[in-house]
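Colleague: The structure is given below, and queries will be raised subsequently.
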Amino acid sequence: MRVAGFGADGPVEGGPEIVRENPARHGEVVATLLTTDADGVGRVISGATQACAAWASTPLAERVERLRDGARSVADAADELAPLLARELGKPVADSAGEMGFAAAFLGWVCDRVGEVCADRVVDDDAGRVVLQRVPYGVISAIVPWNAPLILSSLKVAPALATGNVIVVKPSPLAPFAVTEALRRLAEHLPPGVLSVVHGEAEVGNAMVTDSRVRKVAFTGGSTVARQVLAGCAEQLTPAVLELGGNDPAVVLDDLTFSDEVMERMVFGALLTSGQVCMAAKRIYVPAARLDEFVEAFVAAAERVLVCGDPLDPAVTIGPVVNAAAVQRIEGLLGDARSRGATILPLGRTTPDWDRGTGWFVRPTLVVGASADSTIVGEEQFGPTVPVLGYRDLDDAVCQANATESGLGSSVWSDDAERAFDVGRRLEAGMTFINCHNRAGMSLRVPFGGVKRSGFGREFGDEGIAEFTQTHALHLPAAFRGAGGSGQAANAYPT
Ligand code: NAD
C-alpha cells in the first residue's frame, strides 16, 4: 500500500518515500508513505486559502450537517482501519478501534456544542450595545504526533472546521496511514480544500508553520520540536496552541483501599498504550508506610490485566513501543535508575508462546526506590515503566509532585473524594483526575491542556472549541445611538 496526502486538487506527494514497518514484527512492511515536497505544501495551503471564505460563510447548520455525515463515515471505517492502526503503531487492536470511535464521537459532540459556544454575546443597556462575535481564524496548520494520531487530529479538526476554519493536518511519519484514510473519509463530505493532509518530517512541518497564509498553528508533540514551531510562528506572528509532554504525578492518599478494581485502574492509568500517552501517570507517590503493600497490590493487578503480545491479538493489552530509539531511551532510563539503587520489578505476562524478540517490545516494569534525581523521575519516560516513590506527609507529597517543569495531568486517589479534591487543588497541572488517570478520566466536555512547560491553550470541552475562534467586538456607545448629537465630548474618556 502507498499512501499520500491530499489537498483541494487531489493527492500530493513529491517528497522522499518513507517505509513504515510493523513495530511488533521486524521486517514486516505496513505501507509506504509518499511525503509532500515544499511546493506541494504551498499548493495545499493555496487550496485551503481559496476554500476559506466560502466555508466560513457556509451556514453553521450546513457545516454541522456535513461534519455529522463525515463522523458517521469515520465510525463506519473503524473496523477496517483499526487493524491498520494497530500494525503501524503497535497499539492493541481494541484500543485502535476505540481511537476511531473516539474521533467520530468527538466530531459529533463538537457539532452539538458549537452553536452555543459560538453564539453572539450581546449586552444592550444604558451604556450602549456590545456584540461579541466569535469568528474563525482562517487557515489552521495542525501538526500531530504518532501516539494517538486520530484522536489528536480530531481534537483539532473537529473544532476548527465546525467554527468555520479550514485545516491542513500533518500526521507523524511513524503512524500516518489510518489517520490519513479516516480524514479522507471525512473530507469526502466537505468542499475541496477545507480539510487537507500533508506528510513529511521537520521540513514539511516547518513549511506549514512559516507560511504567511496560515493564521493559527495547533501543535501536539514534544518540547524540542515545540520550540522550533514557536520560532517559526514568531516569524509571521502566528498564534499557536501547544499540547506538549507531561510528567504526571499520581498521588495516593493514606486512606485509599487497594481493591483489585482500583489497582487495575491505576495500572492502566500508567501503562496503557505501553505508557506512550501524554496524560499517563508517570510518577506514583504513596505514603511511605504503605509502600510495600502498594507494590504488592500493583504487581498483582498488573499480572491480571497486562498481557503483552501482538497488537492484533484481541487478548493483548500491551503492544510494542514505537521504534528502536524508544527501546534504547527507555532502557537508558531503567539503567540509570538501577545504577542509583532502584529495584525494577517486571509486570504482567505474555500471550502463550509469544517471542518479544519479534518486535520493539519493552517488558512493563515498576521501579521501586528510585532516587528523586534519577532520570526516570525527572523525565517523561513515554514507555511501559513507572516509578513509585514514598512520601512522609501531604506537604511532602505535594512538594514532590510539583517538583517538575511539566504541568499536564495529575491525579489524586482517595476513598474520600472531598479530601482528594482538596489535595488536587494544590497540584500544578492543567488537569487533575480524581481516582483515575489517563483515558478513564478523559471526557469530551472537560478541557485538557498544560501549565508550566507542558504547553498553552486547551483541547476538549467548550474551551477547546473556542480555541479555534477569536473574539470580534462590535460596540455602539449609548451616546451615539441616534442620529442627533448626544452632548458627549468627541474626545471624552469612557466612564
Ligand atoms: P515530536 O515533537 O517529535 O513530533 C511531533 C510532530 O512534529 C510530528 O508530526 C513531527 O513530524 C513534527 N515535526 C518534527 N519536527 C518539526 C519541525 N521542525 N517543525 C514542525 N513540525 C515538526 O513528538 P512525538 O515524538 O511525535 O510525540 C511524543 C510527544 O508528544 C511526547 O512528548 C508526548 O507527551 C507529546 N504528546 C502530547 C499530547 C498532549 O495532548 N499534550 C498528546 C500526545 C503526545
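Labels used: A, B, ... for chains in the order of the C-alpha cells, numbers from 1 for residues in each chain, and numbers from 1 for ligands as shown.
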Output as CSV one row per residue of chain A within 9 Å of ligand 1: the closest atom pair and its distance in Å to one decimal place, counting only C-alpha atoms and all ligand atoms, sorted by chain and residue number ascending.

Modeller:
residue,atom,partner,partner_atom_place_in_ligand_line,distance
A:Ala142,CA,ligand 1,9 (O),8.9
A:Ile143,CA,ligand 1,9 (O),5.2
A:Val144,CA,ligand 1,9 (O),4.6
A:Pro145,CA,ligand 1,26 (O),3.4
A:Trp146,CA,ligand 1,26 (O),5.0
A:Asn147,CA,ligand 1,43 (C),6.2
A:Ala148,CA,ligand 1,43 (C),6.6
A:Pro149,CA,ligand 1,43 (C),8.5
A:Leu152,CA,ligand 1,42 (C),6.7
A:Lys170,CA,ligand 1,9 (O),5.9
A:Pro171,CA,ligand 1,9 (O),4.9
A:Ser172,CA,ligand 1,9 (O),3.6
A:Pro173,CA,ligand 1,11 (O),6.3
A:Leu174,CA,ligand 1,26 (O),7.7
A:His199,CA,ligand 1,11 (O),8.3
A:Gly200,CA,ligand 1,11 (O),6.4
A:Glu201,CA,ligand 1,11 (O),4.4
A:Ala202,CA,ligand 1,16 (C),3.6
A:Glu203,CA,ligand 1,18 (N),6.4
A:Val204,CA,ligand 1,20 (C),6.9
A:Gly205,CA,ligand 1,20 (C),3.4
A:Asn206,CA,ligand 1,19 (N),4.1
A:Ala207,CA,ligand 1,19 (N),7.7
A:Met208,CA,ligand 1,20 (C),7.4
A:Val209,CA,ligand 1,20 (C),6.7
A:Phe219,CA,ligand 1,7 (O),7.3
A:Thr220,CA,ligand 1,37 (C),5.2
A:Gly221,CA,ligand 1,30 (O),3.1
A:Gly222,CA,ligand 1,2 (O),3.6
A:Ser223,CA,ligand 1,2 (O),6.4
A:Thr224,CA,ligand 1,2 (O),6.4
A:Val225,CA,ligand 1,2 (O),4.6
A:Ala226,CA,ligand 1,2 (O),6.4
A:Arg227,CA,ligand 1,18 (N),8.5
A:Gln228,CA,ligand 1,18 (N),5.3
A:Val229,CA,ligand 1,19 (N),5.1
A:Leu230,CA,ligand 1,19 (N),8.9
A:Gly232,CA,ligand 1,19 (N),7.8
A:Leu242,CA,ligand 1,41 (N),7.4
A:Glu243,CA,ligand 1,41 (N),3.6
A:Leu244,CA,ligand 1,41 (N),4.0
A:Gly245,CA,ligand 1,34 (O),3.1
A:Gly246,CA,ligand 1,34 (O),5.5
A:Asn247,CA,ligand 1,34 (O),8.3
A:Gln276,CA,ligand 1,33 (C),7.4
A:Val277,CA,ligand 1,43 (C),5.9
A:Cys278,CA,ligand 1,34 (O),3.6
A:Met279,CA,ligand 1,39 (C),7.0
A:Ala280,CA,ligand 1,34 (O),8.8
A:Glu380,CA,ligand 1,32 (O),7.2
A:Phe382,CA,ligand 1,31 (C),7.0
A:Leu408,CA,ligand 1,41 (N),6.7
A:Gly409,CA,ligand 1,41 (N),8.8
A:Phe448,CA,ligand 1,40 (O),7.5
A:Gly449,CA,ligand 1,41 (N),6.0
A:Gly450,CA,ligand 1,41 (N),6.7
A:Ser454,CA,ligand 1,41 (N),6.7
A:Gly455,CA,ligand 1,41 (N),7.2
A:Arg458,CA,ligand 1,40 (O),8.9
A:Glu459,CA,ligand 1,40 (O),7.7

Colleague: Excluding Val368 in chain A and any residue of its chain fewer than 5 positions from it, enumerate the residues within 10 Å of it, using only C-alpha atoms, and give them as a short mmCIF file (atom, residue, chain, number, x, y, z; two decimals) with N, CA and C atoms, in the first residue's frame.

Modeller:
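Output below, filename out-v3.cif:
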data_model
loop_
_atom_site.label_atom_id
_atom_site.label_comp_id
_atom_site.auth_asym_id
_atom_site.auth_seq_id
_atom_site.Cartn_x
_atom_site.Cartn_y
_atom_site.Cartn_z
N LEU A 291 4.04 1.68 51.33
CA LEU A 291 4.72 1.42 50.06
C LEU A 291 4.75 -0.07 49.71
N ASP A 292 5.13 -0.91 50.67
CA ASP A 292 5.24 -2.35 50.39
C ASP A 292 3.88 -2.93 49.98
N VAL A 295 3.05 -1.82 46.45
CA VAL A 295 3.83 -2.51 45.41
C VAL A 295 3.24 -3.90 45.17
N ALA A 337 18.24 4.33 36.68
CA ALA A 337 17.55 4.08 37.96
C ALA A 337 18.23 2.93 38.71
N ARG A 338 18.57 1.88 37.97
CA ARG A 338 19.20 0.70 38.59
C ARG A 338 20.55 1.10 39.19
N GLY A 341 20.41 2.52 42.56
CA GLY A 341 19.91 1.68 43.66
C GLY A 341 18.45 1.28 43.58
N ALA A 342 17.75 1.61 42.49
CA ALA A 342 16.33 1.23 42.41
C ALA A 342 16.19 -0.26 42.09
N THR A 343 15.05 -0.80 42.49
CA THR A 343 14.70 -2.18 42.14
C THR A 343 13.68 -2.13 41.02
N ILE A 344 13.88 -2.96 40.00
CA ILE A 344 12.97 -2.91 38.85
C ILE A 344 12.18 -4.22 38.79
N LEU A 345 10.88 -4.10 39.01
CA LEU A 345 10.04 -5.30 39.08
C LEU A 345 9.31 -5.50 37.76
N VAL A 386 7.04 2.68 35.27
CA VAL A 386 6.62 3.81 36.10
C VAL A 386 7.30 3.69 37.47
N PRO A 387 7.85 4.79 37.99
CA PRO A 387 8.43 4.75 39.33
C PRO A 387 7.39 4.98 40.41
N VAL A 388 7.52 4.25 41.53
CA VAL A 388 6.67 4.51 42.69
C VAL A 388 7.59 5.03 43.80
N LEU A 389 7.15 6.13 44.43
CA LEU A 389 8.01 6.81 45.41
C LEU A 389 7.23 7.03 46.70
N GLY A 390 7.92 6.96 47.83
CA GLY A 390 7.26 7.16 49.11
C GLY A 390 7.23 8.64 49.49
#

Colleague: Of the candidates A:Ala483, A:Glu418, A:Ile284, A:Val322, which shows the shortest atom-to-atom distance to Val398 in chain A, using only C-alpha atoms?

Modeller: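 Using only C-alpha atoms, the shortest distance to Val398 in chain A belongs to A:Ile284.
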
Colleague: In Å, rounded to a single decimal, give me how far CA of Arg134 in chain A is from CA of Asp112 in chain A.

Modeller: 16.7 Å

Colleague: Using only C-alpha atoms, which residue out of A:Gly115, A:Pro16, A:Gly348, A:Pro249 lies closest to Glu264 in chain A?

Modeller: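 That would be A:Gly348, the residue with the smallest distance to Glu264 in chain A.
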
Colleague: Rounded to one decimal, what separation in Å do you get between CA of Ala218 in chain A and CA of Ile140 in chain A?

Modeller: 7.2 Å

Colleague: Measuring atom to atom with only C-alpha atoms, identify which of A:Arg329, A:Arg43, A:Arg439, A:Arg392 is nearest to Met266 in chain A.

Modeller: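 Nearest candidate to Met266 in chain A out of A:Arg329, A:Arg43, A:Arg439, A:Arg392: A:Arg439.
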
Colleague: Any idea what the distance is between CA of Cys233 in chain A and CA of Val217 in chain A?

Modeller: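 Going from CA of Cys233 in chain A over to CA of Val217 in chain A covers 7.7 Å.
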
Colleague: Report as CSV the residues of range 121-156 of chain A within 12 Å of range 61-80 of chain A, each with its shortest atom pair and distance in Å (one decimal), using only C-alpha atoms, ordered by chain and increasing residue number.

Modeller:
residue,atom,partner,partner_atom,distance
A:Leu150,CA,A:Val74,CA,10.1
A:Ile151,CA,A:Val74,CA,11.8
A:Ser154,CA,A:Ala71,CA,10.2

Colleague: Could those residues be written to a file, using all heavy atoms, as a compact mmCIF listing (two decimals), in the first residue's frame?

Modeller:
# COMPACT_ATOMS: atom_id res chain seq x y z
N LEU A 150 -5.31 9.70 15.38
CA LEU A 150 -6.65 10.13 15.00
C LEU A 150 -7.30 10.95 16.12
O LEU A 150 -7.98 11.95 15.85
CB LEU A 150 -7.51 8.91 14.64
CG LEU A 150 -8.80 9.28 13.93
CD1 LEU A 150 -8.53 10.11 12.69
CD2 LEU A 150 -9.60 8.05 13.58
N ILE A 151 -7.08 10.56 17.37
CA ILE A 151 -7.62 11.36 18.48
C ILE A 151 -7.03 12.76 18.41
O ILE A 151 -7.75 13.77 18.43
CB ILE A 151 -7.29 10.72 19.85
CG1 ILE A 151 -8.07 9.42 20.03
CG2 ILE A 151 -7.59 11.70 20.98
CD1 ILE A 151 -7.78 8.68 21.32
N SER A 154 -8.34 14.74 15.54
CA SER A 154 -9.76 15.14 15.63
C SER A 154 -9.96 16.25 16.66
O SER A 154 -10.87 17.07 16.52
CB SER A 154 -10.65 13.94 15.93
OG SER A 154 -10.34 13.40 17.19

Colleague: May I ask which of the residues A:Leu253, A:Arg184, A:Ser443, A:Asp462 is the closest one to Glu116 in chain A, counting only C-alpha atoms?

Modeller: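 Closest candidate: A:Asp462.
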
Colleague: Got a sec to tell me which of range 51-264 of chain A DSSP assigns to alpha helix (DSSP H), as number ranges by chain?

Modeller: A: 51-57, 60-76, 78-89, 93-118, 149-162, 177-187, 202-210, 223-236, 260-264

Colleague: Keeping only C-alpha atoms, take the residues you just selected and write them out as a CSV table (one decimal), in the first residue's frame.

Modeller:
chain,number,residue,atom,x,y,z
A,51,ALA,CA,-11.7,27.4,0.3
A,52,CYS,CA,-11.6,29.6,3.3
A,53,ALA,CA,-14.1,32.4,2.7
A,54,ALA,CA,-16.8,30.1,1.4
A,55,TRP,CA,-16.5,27.7,4.3
A,56,ALA,CA,-16.5,30.4,6.9
A,57,SER,CA,-19.7,31.9,5.4
A,60,LEU,CA,-23.4,26.7,10.7
A,61,ALA,CA,-26.3,24.2,10.2
A,62,GLU,CA,-24.8,23.1,6.9
A,63,ARG,CA,-21.3,22.8,8.3
A,64,VAL,CA,-22.6,20.8,11.2
A,65,GLU,CA,-24.6,18.5,8.9
A,66,ARG,CA,-21.6,17.8,6.7
A,67,LEU,CA,-19.4,17.1,9.8
A,68,ARG,CA,-22.0,14.7,11.2
A,69,ASP,CA,-22.1,12.8,7.9
A,70,GLY,CA,-18.3,12.7,8.0
A,71,ALA,CA,-18.3,11.5,11.6
A,72,ARG,CA,-20.6,8.6,10.5
A,73,SER,CA,-18.1,7.7,7.7
A,74,VAL,CA,-15.2,7.7,10.2
A,75,ALA,CA,-17.2,5.5,12.6
A,76,ASP,CA,-18.1,3.1,9.8
A,78,ALA,CA,-13.4,1.8,12.5
A,79,ASP,CA,-13.4,-2.0,11.9
A,80,GLU,CA,-11.5,-1.7,8.7
A,81,LEU,CA,-8.9,0.9,9.9
A,82,ALA,CA,-8.3,-0.4,13.5
A,83,PRO,CA,-6.0,-3.3,12.3
A,84,LEU,CA,-4.0,-0.8,10.2
A,85,LEU,CA,-3.5,1.5,13.1
A,86,ALA,CA,-2.6,-1.5,15.3
A,87,ARG,CA,0.0,-2.6,12.7
A,88,GLU,CA,1.6,0.8,12.1
A,89,LEU,CA,1.6,2.0,15.7
A,93,VAL,CA,-6.4,-3.5,18.1
A,94,ALA,CA,-9.3,-2.9,20.6
A,95,ASP,CA,-7.6,0.4,21.6
A,96,SER,CA,-7.1,1.2,18.0
A,97,ALA,CA,-10.9,0.7,17.3
A,98,GLY,CA,-11.6,2.8,20.3
A,99,GLU,CA,-9.5,5.6,18.9
A,100,MET,CA,-11.6,5.6,15.7
A,101,GLY,CA,-14.8,5.6,17.8
A,102,PHE,CA,-13.5,8.5,19.9
A,103,ALA,CA,-12.8,10.6,16.8
A,104,ALA,CA,-16.3,10.1,15.5
A,105,ALA,CA,-17.8,10.7,18.9
A,106,PHE,CA,-15.8,13.9,19.4
A,107,LEU,CA,-16.9,15.2,16.0
A,108,GLY,CA,-20.5,14.6,17.0
A,109,TRP,CA,-20.0,16.3,20.4
A,110,VAL,CA,-18.4,19.4,18.8
A,111,CYS,CA,-21.4,19.6,16.4
A,112,ASP,CA,-23.7,19.5,19.4
A,113,ARG,CA,-21.9,22.3,21.3
A,114,VAL,CA,-20.6,24.6,18.6
A,115,GLY,CA,-23.8,26.6,18.2
A,116,GLU,CA,-23.9,27.6,21.9
A,117,VAL,CA,-20.1,28.2,22.1
A,118,CYS,CA,-20.1,30.4,19.1
A,149,PRO,CA,-2.9,10.1,15.6
A,150,LEU,CA,-6.7,10.1,15.0
A,151,ILE,CA,-7.6,11.4,18.5
A,152,LEU,CA,-5.0,14.1,18.4
A,153,SER,CA,-6.1,15.1,14.8
A,154,SER,CA,-9.8,15.1,15.6
A,155,LEU,CA,-9.2,17.4,18.7
A,156,LYS,CA,-8.1,20.0,16.1
A,157,VAL,CA,-10.1,19.1,13.0
A,158,ALA,CA,-13.5,19.0,14.6
A,159,PRO,CA,-13.5,22.4,16.4
A,160,ALA,CA,-11.5,24.1,13.6
A,161,LEU,CA,-14.0,23.1,10.9
A,162,ALA,CA,-17.1,23.4,13.0
A,177,PHE,CA,-1.8,5.6,7.4
A,178,ALA,CA,-5.0,5.0,9.3
A,179,VAL,CA,-5.4,8.7,10.2
A,180,THR,CA,-5.0,9.7,6.5
A,181,GLU,CA,-7.6,7.3,5.4
A,182,ALA,CA,-10.0,8.4,8.2
A,183,LEU,CA,-9.5,12.0,7.4
A,184,ARG,CA,-10.0,11.3,3.7
A,185,ARG,CA,-13.4,9.7,4.5
A,186,LEU,CA,-14.3,12.9,6.5
A,187,ALA,CA,-13.1,15.1,3.7
A,202,ALA,CA,10.5,18.6,10.0
A,203,GLU,CA,10.9,20.4,6.7
A,204,VAL,CA,7.2,19.9,5.9
A,205,GLY,CA,6.1,20.9,9.4
A,206,ASN,CA,8.3,24.0,9.2
A,207,ALA,CA,6.7,24.9,5.8
A,208,MET,CA,3.3,24.6,7.4
A,209,VAL,CA,4.2,26.9,10.3
A,210,THR,CA,6.1,29.6,8.4
A,223,SER,CA,9.1,20.3,23.8
A,224,THR,CA,12.1,20.2,21.5
A,225,VAL,CA,10.0,20.4,18.3
A,226,ALA,CA,7.6,22.9,20.0
A,227,ARG,CA,10.5,25.4,20.4
A,228,GLN,CA,11.2,25.1,16.7
A,229,VAL,CA,7.5,25.5,15.9
A,230,LEU,CA,7.2,28.6,18.1
A,231,ALA,CA,10.3,30.1,16.5
A,232,GLY,CA,8.5,29.6,13.1
A,233,CYS,CA,5.4,31.2,14.4
A,234,ALA,CA,7.4,34.1,15.6
A,235,GLU,CA,8.5,34.8,12.0
A,236,GLN,CA,4.9,35.5,11.0
A,260,ASP,CA,-8.4,-5.1,42.7
A,261,GLU,CA,-10.5,-2.7,40.7
A,262,VAL,CA,-8.8,0.4,41.9
A,263,MET,CA,-5.3,-1.1,41.4
A,264,GLU,CA,-6.2,-2.2,37.8

Colleague: Quick one: of A:Val131, A:Tyr493, A:Asp248, A:Ser274, who's nearest to Gly378 in chain A, counting only C-alpha atoms?

Modeller: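 Once distances to Gly378 in chain A are computed over only C-alpha atoms, the minimum belongs to A:Asp248.
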
Colleague: Find the residue from A:Ser339, A:Thr58, A:Asn323, A:Ser374 that sits nearest to Gly359 in chain A; use only C-alpha atoms when measuring.

Modeller: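 Comparing A:Ser339, A:Thr58, A:Asn323, A:Ser374 against Gly359 in chain A, the winner is A:Asn323.
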
Colleague: When DSSP works through the backbone of this structure, what residues of range 209-424 of chain A end up as strand (DSSP E), shown as a PyMOL selection string?

Modeller: chain A and resi 214-220+240-243+248-252+281-287+307-308+343-346+349-350+365-368+385-391+411-413

Colleague: For the residues selected in the previous step, produce a file with C-alpha atoms as a compact mmCIF listing (two decimals), in the first residue's frame.

Modeller:
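Listing of again.txt after writing:
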# COMPACT_ATOMS: atom_id res chain seq x y z
CA VAL A 214 -1.58 30.30 7.95
CA ARG A 215 -3.49 32.08 10.73
CA LYS A 216 -3.03 29.66 13.62
CA VAL A 217 -0.87 26.63 14.43
CA ALA A 218 -2.14 23.76 16.56
CA PHE A 219 0.77 21.57 17.64
CA THR A 220 0.92 18.43 19.76
CA ALA A 240 -0.25 28.78 18.42
CA VAL A 241 -1.81 26.27 20.74
CA LEU A 242 0.76 23.84 22.12
CA GLU A 243 -0.06 20.47 23.72
CA ASP A 248 2.16 13.40 35.57
CA PRO A 249 2.19 12.62 39.28
CA ALA A 250 -0.42 10.28 40.77
CA VAL A 251 -0.78 11.00 44.50
CA VAL A 252 -2.21 8.12 46.52
CA ALA A 281 0.61 8.60 35.28
CA LYS A 282 4.40 8.85 35.12
CA ARG A 283 5.29 9.03 38.85
CA ILE A 284 3.25 7.43 41.63
CA TYR A 285 3.53 8.86 45.15
CA VAL A 286 2.42 6.61 48.02
CA PRO A 287 2.60 7.11 51.82
CA VAL A 307 -0.88 -9.05 28.56
CA CYS A 308 1.99 -8.42 26.15
CA THR A 343 14.70 -2.18 42.14
CA ILE A 344 12.97 -2.91 38.85
CA LEU A 345 10.04 -5.30 39.08
CA PRO A 346 8.72 -6.94 35.90
CA ARG A 349 2.59 -11.64 31.33
CA THR A 350 2.76 -12.51 27.65
CA THR A 365 8.10 -2.63 34.89
CA LEU A 366 7.54 -0.90 38.23
CA VAL A 367 10.56 0.99 39.52
CA VAL A 368 10.80 0.94 43.32
CA THR A 385 7.56 1.67 33.13
CA VAL A 386 6.62 3.81 36.10
CA PRO A 387 8.43 4.75 39.33
CA VAL A 388 6.67 4.51 42.69
CA LEU A 389 8.01 6.81 45.41
CA GLY A 390 7.26 7.16 49.11
CA TYR A 391 6.21 10.39 50.85
CA SER A 411 -4.26 12.61 39.84
CA VAL A 412 -5.26 12.14 43.46
CA TRP A 413 -6.59 8.81 44.76

Colleague: If we count only C-alpha atoms, what is near Gly128 in chain A at a cut-off of 10 Å, once residues fewer than 3 positions away on the same chain are taken out, given as number ranges by chain?

Modeller: A: 123-125, 475-481
